[in-house]
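What follows is the content of protein38.cif (mmCIF, C-alpha atoms and all ligand atoms).
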data_entry
loop_
_atom_site.label_atom_id
_atom_site.label_comp_id
_atom_site.auth_asym_id
_atom_site.auth_seq_id
_atom_site.Cartn_x
_atom_site.Cartn_y
_atom_site.Cartn_z
CA MET A 294 0.00 0.00 0.00
CA ILE A 295 1.17 3.53 -0.80
CA ARG A 296 -0.20 6.41 1.20
CA LEU A 297 0.30 10.07 0.31
CA ALA A 298 -0.75 12.53 2.99
CA GLN A 299 -0.98 16.27 2.34
CA VAL A 300 1.75 16.13 -0.29
CA SER A 301 2.78 19.47 -1.77
CA LYS A 302 5.57 20.30 -4.17
CA THR A 303 6.55 23.75 -5.39
CA TYR A 304 9.15 24.45 -8.06
CA GLY A 305 10.92 27.80 -8.03
CA LYS A 306 10.40 30.71 -5.65
CA GLY A 307 8.51 33.99 -5.31
CA ASP A 308 6.87 35.20 -8.52
CA ASN A 309 8.30 32.18 -10.37
CA ALA A 310 6.87 29.60 -7.98
CA VAL A 311 4.90 26.78 -9.62
CA HIS A 312 2.69 24.80 -7.25
CA ALA A 313 2.92 21.44 -8.99
CA LEU A 314 1.13 19.55 -6.18
CA ARG A 315 -1.14 21.08 -3.54
CA ASN A 316 -2.06 19.06 -0.46
CA VAL A 317 -2.64 15.79 -2.28
CA SER A 318 -3.76 12.87 -0.11
CA TYR A 319 -4.49 9.43 -1.49
CA VAL A 320 -4.16 5.75 -0.56
CA PHE A 321 -3.35 3.22 -3.27
CA PRO A 322 -4.61 -0.15 -1.98
CA ALA A 323 -2.40 -3.18 -2.65
CA GLY A 324 -3.43 -5.29 -5.62
CA THR A 325 -5.10 -2.52 -7.61
CA PHE A 326 -4.43 -0.88 -10.97
CA THR A 327 -4.71 2.93 -10.94
CA ALA A 328 -4.36 5.32 -13.87
CA VAL A 329 -3.51 8.99 -13.30
CA MET A 330 -4.77 11.50 -15.84
CA GLY A 331 -5.01 15.26 -16.16
CA PRO A 332 -4.28 18.10 -18.55
CA SER A 333 -0.69 18.88 -19.50
CA GLY A 334 1.08 20.52 -16.55
CA SER A 335 -1.50 19.34 -14.00
CA GLY A 336 1.18 17.60 -11.92
CA LYS A 337 0.95 13.95 -13.05
CA SER A 338 4.70 13.35 -13.37
CA THR A 339 5.39 15.18 -10.13
CA PHE A 340 2.75 13.05 -8.39
CA LEU A 341 4.21 9.83 -9.80
CA HIS A 342 7.78 10.81 -8.95
CA CYS A 343 6.87 11.75 -5.36
CA ALA A 344 4.85 8.54 -4.86
CA ALA A 345 7.74 6.46 -6.25
CA GLY A 346 10.45 8.09 -4.15
CA LEU A 347 12.16 9.51 -7.25
CA ASP A 348 11.51 13.02 -5.99
CA ARG A 349 10.88 14.41 -2.51
CA PRO A 350 7.74 16.39 -1.65
CA GLY A 351 8.19 19.89 -0.26
CA SER A 352 5.79 18.94 2.53
CA GLY A 353 3.57 16.03 3.48
CA SER A 354 4.48 12.37 3.64
CA VAL A 355 4.68 9.33 1.40
CA MET A 356 4.44 5.93 3.09
CA LEU A 357 5.33 2.68 1.34
CA GLY A 358 3.83 0.11 3.68
CA GLU A 359 5.20 1.06 7.07
CA VAL A 360 8.14 3.08 5.71
CA ASP A 361 7.98 6.87 5.61
CA LEU A 362 10.13 7.75 2.58
CA ALA A 363 10.99 11.17 4.05
CA THR A 364 12.92 9.50 6.87
CA LEU A 365 15.28 7.75 4.45
CA GLY A 366 18.61 9.16 3.28
CA GLU A 367 19.51 8.96 -0.42
CA ARG A 368 21.26 5.59 -0.10
CA ARG A 369 18.44 3.87 1.76
CA LEU A 370 15.89 5.42 -0.61
CA THR A 371 17.79 4.07 -3.63
CA GLU A 372 17.95 0.61 -2.02
CA LEU A 373 14.25 0.68 -1.28
CA ARG A 374 13.44 1.70 -4.87
CA ARG A 375 15.59 -1.13 -6.23
CA GLN A 376 14.02 -3.75 -4.01
CA ARG A 377 10.41 -2.71 -3.60
CA ILE A 378 9.48 -0.57 -6.60
CA GLY A 379 9.44 -1.36 -10.31
CA PHE A 380 9.43 1.20 -13.12
CA VAL A 381 8.22 1.07 -16.70
CA PHE A 382 8.90 4.17 -18.79
CA GLN A 383 7.63 5.35 -22.15
CA ALA A 384 11.14 5.10 -23.62
CA PHE A 385 11.72 1.54 -22.32
CA ASN A 386 15.13 2.58 -20.83
CA LEU A 387 16.80 -0.73 -21.64
CA ILE A 388 20.58 -1.06 -21.92
CA GLY A 389 21.38 -1.72 -25.56
CA SER A 390 24.66 -3.55 -24.96
CA LEU A 391 23.11 -6.10 -22.58
CA SER A 392 21.06 -9.14 -23.56
CA VAL A 393 17.36 -9.32 -22.72
CA ARG A 394 18.22 -11.70 -19.87
CA ASP A 395 20.82 -9.34 -18.38
CA ASN A 396 18.49 -6.35 -18.72
CA ILE A 397 15.80 -8.20 -16.78
CA LEU A 398 18.30 -9.24 -14.11
CA LEU A 399 19.73 -5.74 -13.71
CA PRO A 400 17.67 -4.64 -10.65
CA PRO A 401 18.67 -7.59 -8.43
CA ARG A 402 22.25 -7.29 -9.67
CA LEU A 403 22.35 -3.58 -8.76
CA ALA A 404 20.78 -4.37 -5.39
CA GLY A 405 23.42 -7.04 -4.78
CA THR A 406 20.79 -9.77 -4.44
CA ARG A 407 20.05 -12.91 -6.43
CA ALA A 408 16.91 -13.27 -8.50
CA ASP A 409 14.63 -16.15 -7.60
CA ARG A 410 15.18 -18.53 -10.55
CA ALA A 411 11.67 -19.97 -10.60
CA TRP A 412 10.13 -16.48 -10.45
CA PHE A 413 12.46 -15.25 -13.23
CA ASP A 414 11.37 -18.16 -15.46
CA GLN A 415 7.71 -17.49 -14.68
CA VAL A 416 7.94 -13.76 -15.41
CA VAL A 417 9.83 -14.39 -18.67
CA ALA A 418 7.20 -16.94 -19.75
CA GLU A 419 4.32 -14.61 -18.85
CA VAL A 420 5.71 -11.72 -20.88
CA GLY A 421 6.38 -14.15 -23.76
CA LEU A 422 10.13 -13.64 -24.02
CA ALA A 423 11.49 -17.11 -23.32
CA ASP A 424 12.88 -17.41 -26.87
CA ARG A 425 14.38 -13.92 -26.89
CA LEU A 426 16.57 -14.00 -23.79
CA HIS A 427 19.87 -13.87 -25.68
CA HIS A 428 18.84 -11.12 -28.07
CA ARG A 429 19.78 -7.46 -27.61
CA PRO A 430 16.96 -4.92 -27.14
CA GLY A 431 17.75 -3.40 -30.56
CA GLU A 432 16.76 -6.69 -32.19
CA LEU A 433 13.25 -6.56 -30.71
CA SER A 434 10.05 -4.71 -31.66
CA GLY A 435 8.83 -1.83 -29.50
CA GLY A 436 6.19 -4.01 -27.84
CA GLN A 437 8.73 -6.72 -27.10
CA GLN A 438 11.11 -4.13 -25.62
CA GLN A 439 8.35 -2.86 -23.35
CA ARG A 440 7.68 -6.44 -22.27
CA VAL A 441 11.37 -6.72 -21.33
CA ALA A 442 10.94 -3.55 -19.26
CA ILE A 443 7.87 -5.04 -17.55
CA ALA A 444 9.76 -8.26 -16.76
CA ARG A 445 12.62 -6.15 -15.38
CA ALA A 446 10.13 -4.20 -13.25
CA LEU A 447 8.66 -7.43 -11.84
CA VAL A 448 11.75 -9.53 -11.28
CA THR A 449 12.38 -8.33 -7.73
CA ARG A 450 8.70 -8.96 -6.82
CA PRO A 451 8.23 -5.27 -5.99
CA ASP A 452 5.38 -3.95 -3.85
CA VAL A 453 4.35 -1.60 -6.61
CA VAL A 454 5.07 -0.98 -10.30
CA PHE A 455 4.95 2.59 -11.61
CA GLY A 456 4.36 3.27 -15.29
CA ASP A 457 5.07 6.64 -16.89
CA GLU A 458 3.18 6.56 -20.20
CA PRO A 459 4.14 2.89 -20.67
CA THR A 460 2.25 2.67 -23.97
CA GLY A 461 3.11 6.17 -25.18
CA ALA A 462 5.63 4.93 -27.76
CA LEU A 463 3.60 1.94 -28.98
CA ASP A 464 1.00 1.53 -31.71
CA THR A 465 -2.57 0.82 -30.63
CA ARG A 466 -2.43 -2.97 -30.93
CA THR A 467 0.95 -3.36 -29.25
CA GLY A 468 -0.12 -0.92 -26.56
CA ALA A 469 -3.23 -2.99 -25.89
CA GLU A 470 -1.06 -6.10 -25.45
CA VAL A 471 1.16 -4.33 -22.94
CA LEU A 472 -1.90 -3.06 -21.02
CA ALA A 473 -3.42 -6.54 -20.96
CA LEU A 474 -0.14 -7.76 -19.50
CA LEU A 475 -0.19 -5.11 -16.76
CA ARG A 476 -3.84 -6.00 -16.04
CA ALA A 477 -2.88 -9.68 -15.74
CA VAL A 478 -0.03 -8.80 -13.39
CA VAL A 479 -2.55 -7.11 -11.08
CA ASP A 480 -5.18 -9.83 -11.37
CA GLN A 481 -2.90 -12.86 -11.08
CA HIS A 482 -0.20 -11.65 -8.70
CA ARG A 483 -2.12 -9.04 -6.69
CA GLN A 484 0.53 -6.58 -7.87
CA THR A 485 -0.13 -2.84 -7.43
CA VAL A 486 0.25 -0.82 -10.63
CA ILE A 487 0.12 2.99 -10.86
CA MET A 488 0.32 4.45 -14.34
CA VAL A 489 0.31 7.97 -15.76
CA THR A 490 -1.26 8.15 -19.20
CA HIS A 491 -2.78 10.62 -21.65
CA ASP A 492 -4.76 7.88 -23.38
CA PRO A 493 -8.38 7.23 -22.27
CA VAL A 494 -8.25 3.74 -23.80
CA ALA A 495 -5.16 2.91 -21.73
CA ALA A 496 -6.70 4.42 -18.60
CA ALA A 497 -9.83 2.28 -19.04
CA HIS A 498 -7.75 -0.84 -18.26
CA ALA A 499 -7.36 0.41 -14.68
CA ASP A 500 -9.64 -0.28 -11.70
CA ARG A 501 -9.72 3.42 -10.96
CA VAL A 502 -8.77 6.55 -12.90
CA LEU A 503 -7.64 9.56 -10.84
CA PHE A 504 -7.91 13.04 -12.30
CA LEU A 505 -5.49 15.82 -11.45
CA ALA A 506 -5.98 19.49 -12.28
CA ASP A 507 -3.72 22.32 -11.15
CA GLY A 508 -1.85 20.05 -8.75
CA GLN A 509 -4.98 18.78 -6.99
CA LEU A 510 -6.95 15.57 -7.15
CA VAL A 511 -10.30 16.61 -8.56
CA GLY A 512 -12.10 13.30 -8.94
CA HIS A 513 -11.99 9.67 -9.97
CA LEU A 514 -13.87 7.11 -12.04
CA ASP A 515 -14.08 3.42 -11.21
CA ARG A 516 -13.89 0.87 -14.02
CA PRO A 517 -14.79 3.54 -16.60
CA THR A 518 -15.18 3.11 -20.34
CA PRO A 519 -12.74 5.01 -22.60
CA ALA A 520 -15.65 7.32 -23.56
CA GLU A 521 -16.32 8.20 -19.91
CA VAL A 522 -12.63 8.95 -19.34
CA ALA A 523 -12.47 11.07 -22.50
CA ALA A 524 -15.59 13.01 -21.46
CA ARG A 525 -14.10 13.80 -18.04
CA MET A 526 -10.83 14.92 -19.65
CA THR A 527 -12.70 17.21 -22.05
CA HIS A 528 -14.50 18.71 -19.07
CA LEU A 529 -11.15 19.38 -17.30
CA ASP A 530 -9.66 20.92 -20.46
CA ASP A 531 -12.77 23.12 -20.88
CA ARG A 532 -12.55 24.24 -17.26
CA ARG A 533 -8.93 25.22 -17.77
CA ALA A 534 -9.68 27.02 -21.04
CA ALA A 535 -12.48 28.96 -19.30
CA ARG A 536 -10.01 30.20 -16.67
CA CYS A 537 -7.30 31.24 -19.16
N1 LIG B 1 11.90 20.86 -12.56
C1 LIG B 1 10.91 21.75 -12.67
N2 LIG B 1 11.15 23.06 -12.49
C2 LIG B 1 10.16 23.98 -12.58
N3 LIG B 1 8.88 23.68 -12.84
C3 LIG B 1 8.58 22.39 -13.05
C4 LIG B 1 9.57 21.36 -12.98
N4 LIG B 1 8.96 20.18 -13.21
C5 LIG B 1 7.66 20.45 -13.43
N5 LIG B 1 7.43 21.77 -13.32
C6 LIG B 1 6.12 22.44 -13.46
O1 LIG B 1 5.22 21.83 -12.55
C7 LIG B 1 3.94 21.68 -13.15
C8 LIG B 1 3.54 20.21 -13.15
O2 LIG B 1 4.43 19.50 -14.01
P1 LIG B 1 4.29 17.95 -14.31
O3 LIG B 1 5.41 17.58 -15.23
O4 LIG B 1 4.16 17.22 -13.04
O5 LIG B 1 2.90 17.92 -15.11
P2 LIG B 1 2.28 16.77 -16.03
O6 LIG B 1 0.83 16.73 -15.70
O7 LIG B 1 3.06 15.52 -15.88
O8 LIG B 1 2.48 17.39 -17.47
P3 LIG B 1 2.57 16.66 -18.93
O9 LIG B 1 1.29 15.93 -19.14
O10 LIG B 1 2.72 17.83 -19.86
O11 LIG B 1 3.79 15.78 -18.90
C9 LIG B 1 4.05 22.28 -14.56
O12 LIG B 1 3.55 23.60 -14.51
C10 LIG B 1 5.52 22.26 -14.84
O13 LIG B 1 5.88 23.30 -15.72
#
Reformat the file's structure so that it appears as structure tokens.
Ligand SMILES: Nc1ncnc2c1ncn2[C@@H]1O[C@H](COP(=O)(O)OP(=O)(O)OP(=O)(O)O)[C@@H](O)[C@H]1O
Amino acid sequence: MIRLAQVSKTYGKGDNAVHALRNVSYVFPAGTFTAVMGPSGSGKSTFLHCAAGLDRPGSGSVMLGEVDLATLGERRLTELRRQRIGFVFQAFNLIGSLSVRDNILLPPRLAGTRADRAWFDQVVAEVGLADRLHHRPGELSGGQQQRVAIARALVTRPDVVFGDEPTGALDTRTGAEVLALLRAVVDQHRQTVIMVTHDPVAAAHADRVLFLADGQLVGHLDRPTPAEVAARMTHLDDRRAARC
């Protein structure tokens, strides 16, 4: 479980201050799939980075289970991220000179731990990469590369997997496959997935869609259709346009 309490984050000072997050509180229950949406500049990346311990809030607290991330120094925070959090980025972020196998095994290697062999085999089979382990990322399609990134995110059995536009670089069909895989990870392994996306179709794979506007949580939809998500986004964009 991840709990954000009264999280605020301001960039810059004085007249240049940008309040990227304003008193955001939210609890992500374990074993759920959450999408985060909002207009450009509404604070989605800042929210994701604070929740994932990649960035520190200006005020408020982020708890991962019983651990308050604010109490950790940089080294302990890095260790915790390596062991308990998985990341999937839009740009895959694989290492081109390493094989698929070595890319997937990078997090435990960096953490100085050994991957559980049976779990590694299971994850590789589930993402459909068993016959690609000795290839380099450059020899794979975009969808296959993202599946490598998902396997890498899962190999340490993290508490939570964060996705930053994980289908942003993929075509519709390949993106749908990757989303189905994330959905299966939640349903079969009770994994927690939190994903920022601009795409209502992607968001509709989640159990809940959170909406951010001007650094605040302004609502949510449970198990929505893509049309319902798109309608809510249009409403938020209209509201912003009306204020400008
Ligand atoms: N390092 C930074 N320095 C100054 N301002 C920043 C910084 N990072 C983000 N901001 C500002 O904070 C606000 C929220 O940014 P954030 O990237 O979290 O929004 P977002 O919803 O992810 O946007 P997008 O959908 O365009 O990626 C924006 O106004 C942005 O310009």
Contacts between ligand LIG 1 (chain B) and chain A, please, where a residue of chain A counts if it comes within 8 Å (with all atoms listed in the file); show its shortest atom pair and distance in Å to one decimal, rows by chain and ascending number, as JSON lines.
{"residue": "A:Thr303", "atom": "CA", "partner": "B:LIG1", "partner_atom": "O1", "distance": 7.5}
{"residue": "A:Tyr304", "atom": "CA", "partner": "B:LIG1", "partner_atom": "C2", "distance": 4.7}
{"residue": "A:Gly305", "atom": "CA", "partner": "B:LIG1", "partner_atom": "C2", "distance": 6.0}
{"residue": "A:Ala310", "atom": "CA", "partner": "B:LIG1", "partner_atom": "N3", "distance": 7.9}
{"residue": "A:Val311", "atom": "CA", "partner": "B:LIG1", "partner_atom": "O1", "distance": 5.8}
{"residue": "A:His312", "atom": "CA", "partner": "B:LIG1", "partner_atom": "O1", "distance": 6.6}
{"residue": "A:Ala313", "atom": "CA", "partner": "B:LIG1", "partner_atom": "O1", "distance": 4.3}
{"residue": "A:Leu314", "atom": "CA", "partner": "B:LIG1", "partner_atom": "C8", "distance": 7.4}
{"residue": "A:Met330", "atom": "CA", "partner": "B:LIG1", "partner_atom": "O6", "distance": 7.7}
{"residue": "A:Gly331", "atom": "CA", "partner": "B:LIG1", "partner_atom": "O6", "distance": 6.0}
{"residue": "A:Pro332", "atom": "CA", "partner": "B:LIG1", "partner_atom": "O9", "distance": 6.0}
{"residue": "A:Ser333", "atom": "CA", "partner": "B:LIG1", "partner_atom": "O9", "distance": 3.6}
{"residue": "A:Gly334", "atom": "CA", "partner": "B:LIG1", "partner_atom": "O5", "distance": 3.5}
{"residue": "A:Ser335", "atom": "CA", "partner": "B:LIG1", "partner_atom": "O6", "distance": 3.9}
{"residue": "A:Gly336", "atom": "CA", "partner": "B:LIG1", "partner_atom": "O4", "distance": 3.2}
{"residue": "A:Lys337", "atom": "CA", "partner": "B:LIG1", "partner_atom": "O6", "distance": 3.8}
{"residue": "A:Ser338", "atom": "CA", "partner": "B:LIG1", "partner_atom": "O7", "distance": 3.7}
{"residue": "A:Thr339", "atom": "CA", "partner": "B:LIG1", "partner_atom": "O4", "distance": 3.8}
{"residue": "A:Phe340", "atom": "CA", "partner": "B:LIG1", "partner_atom": "O4", "distance": 6.4}
{"residue": "A:His491", "atom": "CA", "partner": "B:LIG1", "partner_atom": "O9", "distance": 7.1}
{"residue": "A:Leu505", "atom": "CA", "partner": "B:LIG1", "partner_atom": "O6", "distance": 7.7}
{"residue": "A:Asp507", "atom": "CA", "partner": "B:LIG1", "partner_atom": "C8", "distance": 7.8}
{"residue": "A:Gly508", "atom": "CA", "partner": "B:LIG1", "partner_atom": "C8", "distance": 7.0}
Hey, can I get the axis-aligned box for region 466-476 of chain A? All listed atoms, 8 Å padding on each side, centre and edge lengths in Å to one decimal, as JSON.
{"center_x": -1.3, "center_y": -4.3, "center_z": -23.5, "size_x": 21.0, "size_y": 22.8, "size_z": 30.9}
May I have the residues within 8 Å of Gly324 (chain A) as a compact mmCIF listing (two decimals) with C-alpha atoms, in the coordinates of the input, using only C-alpha atoms and disregarding those fewer than 5 positions away in the same chain?
# COMPACT_ATOMS: atom_id res chain seq x y z
CA VAL A 479 -2.55 -7.11 -11.08
CA ASP A 480 -5.18 -9.83 -11.37
CA HIS A 482 -0.20 -11.65 -8.70
CA ARG A 483 -2.12 -9.04 -6.69
CA GLN A 484 0.53 -6.58 -7.87
CA THR A 485 -0.13 -2.84 -7.43
CA VAL A 486 0.25 -0.82 -10.63
Excluding same-chain residues fewer than 5 positions from Leu357 (chain A), what lies within 12 Å of it counting all atoms listed in the file, as a ChimeraX atom specification?
/A:294-298,320-323,343-346,362-365,370,373-374,377-378,451-453,485
Residue among A:Gly353, A:Pro493, A:Gly379, A:Gly435 lying closest to Asp457 (chain A), counting all atoms listed in the file:
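Ranked by minimum distance to Asp457 (chain A), first place goes to A:Gly379.
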Neighbouring residues of Ala418 (chain A) were defined as those with any atom within 12 Å, considering only C-alpha atoms; residues of the same chain fewer than 6 positions away were excluded. Please report them as a PyMOL selection string.
chain A and resi 411-412+424-426+440-441+444+474
For Leu403 (chain A), please output as a PyMOL selection string all residues within 10 Å (counting all atoms listed in the file; exclusion window: fewer than 6 positions along the same chain).
chain A and resi 372+375-376
Record the distance separating CA of Asn309 (chain A) and CA of Leu347 (chain A), expressed in Å with one decimal.
23.2 Å
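Between CA of Ala469 (chain A) and CA of Gly421 (chain A) the interatomic distance comes to 14.9 Å.
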Out of A:Val522, A:Val417, A:Val502, A:Ala473, which residue has the shortest atom-to-atom distance to Val489 (chain A) when counting only C-alpha atoms?
A:Val502
With distances taken over all atoms listed in the file, which of A:Thr460, A:Ser390, A:Gln299, A:Thr371 is nearest to Arg429 (chain A)?
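Of the candidates, the smallest distance to Arg429 (chain A) is held by A:Ser390.
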I'd like the interatomic distance between CA of Pro519 (chain A) and CA of Ala506 (chain A), to a tenth of an Å.
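If I compute the distance from CA of Pro519 (chain A) to CA of Ala506 (chain A), I get 19.0 Å.
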Rank nothing, just name the residue among A:Glu470, A:Asp492, A:Asp308, A:Asp500 nearest to Leu514 (chain A), using all atoms listed in the file.
A:Asp500
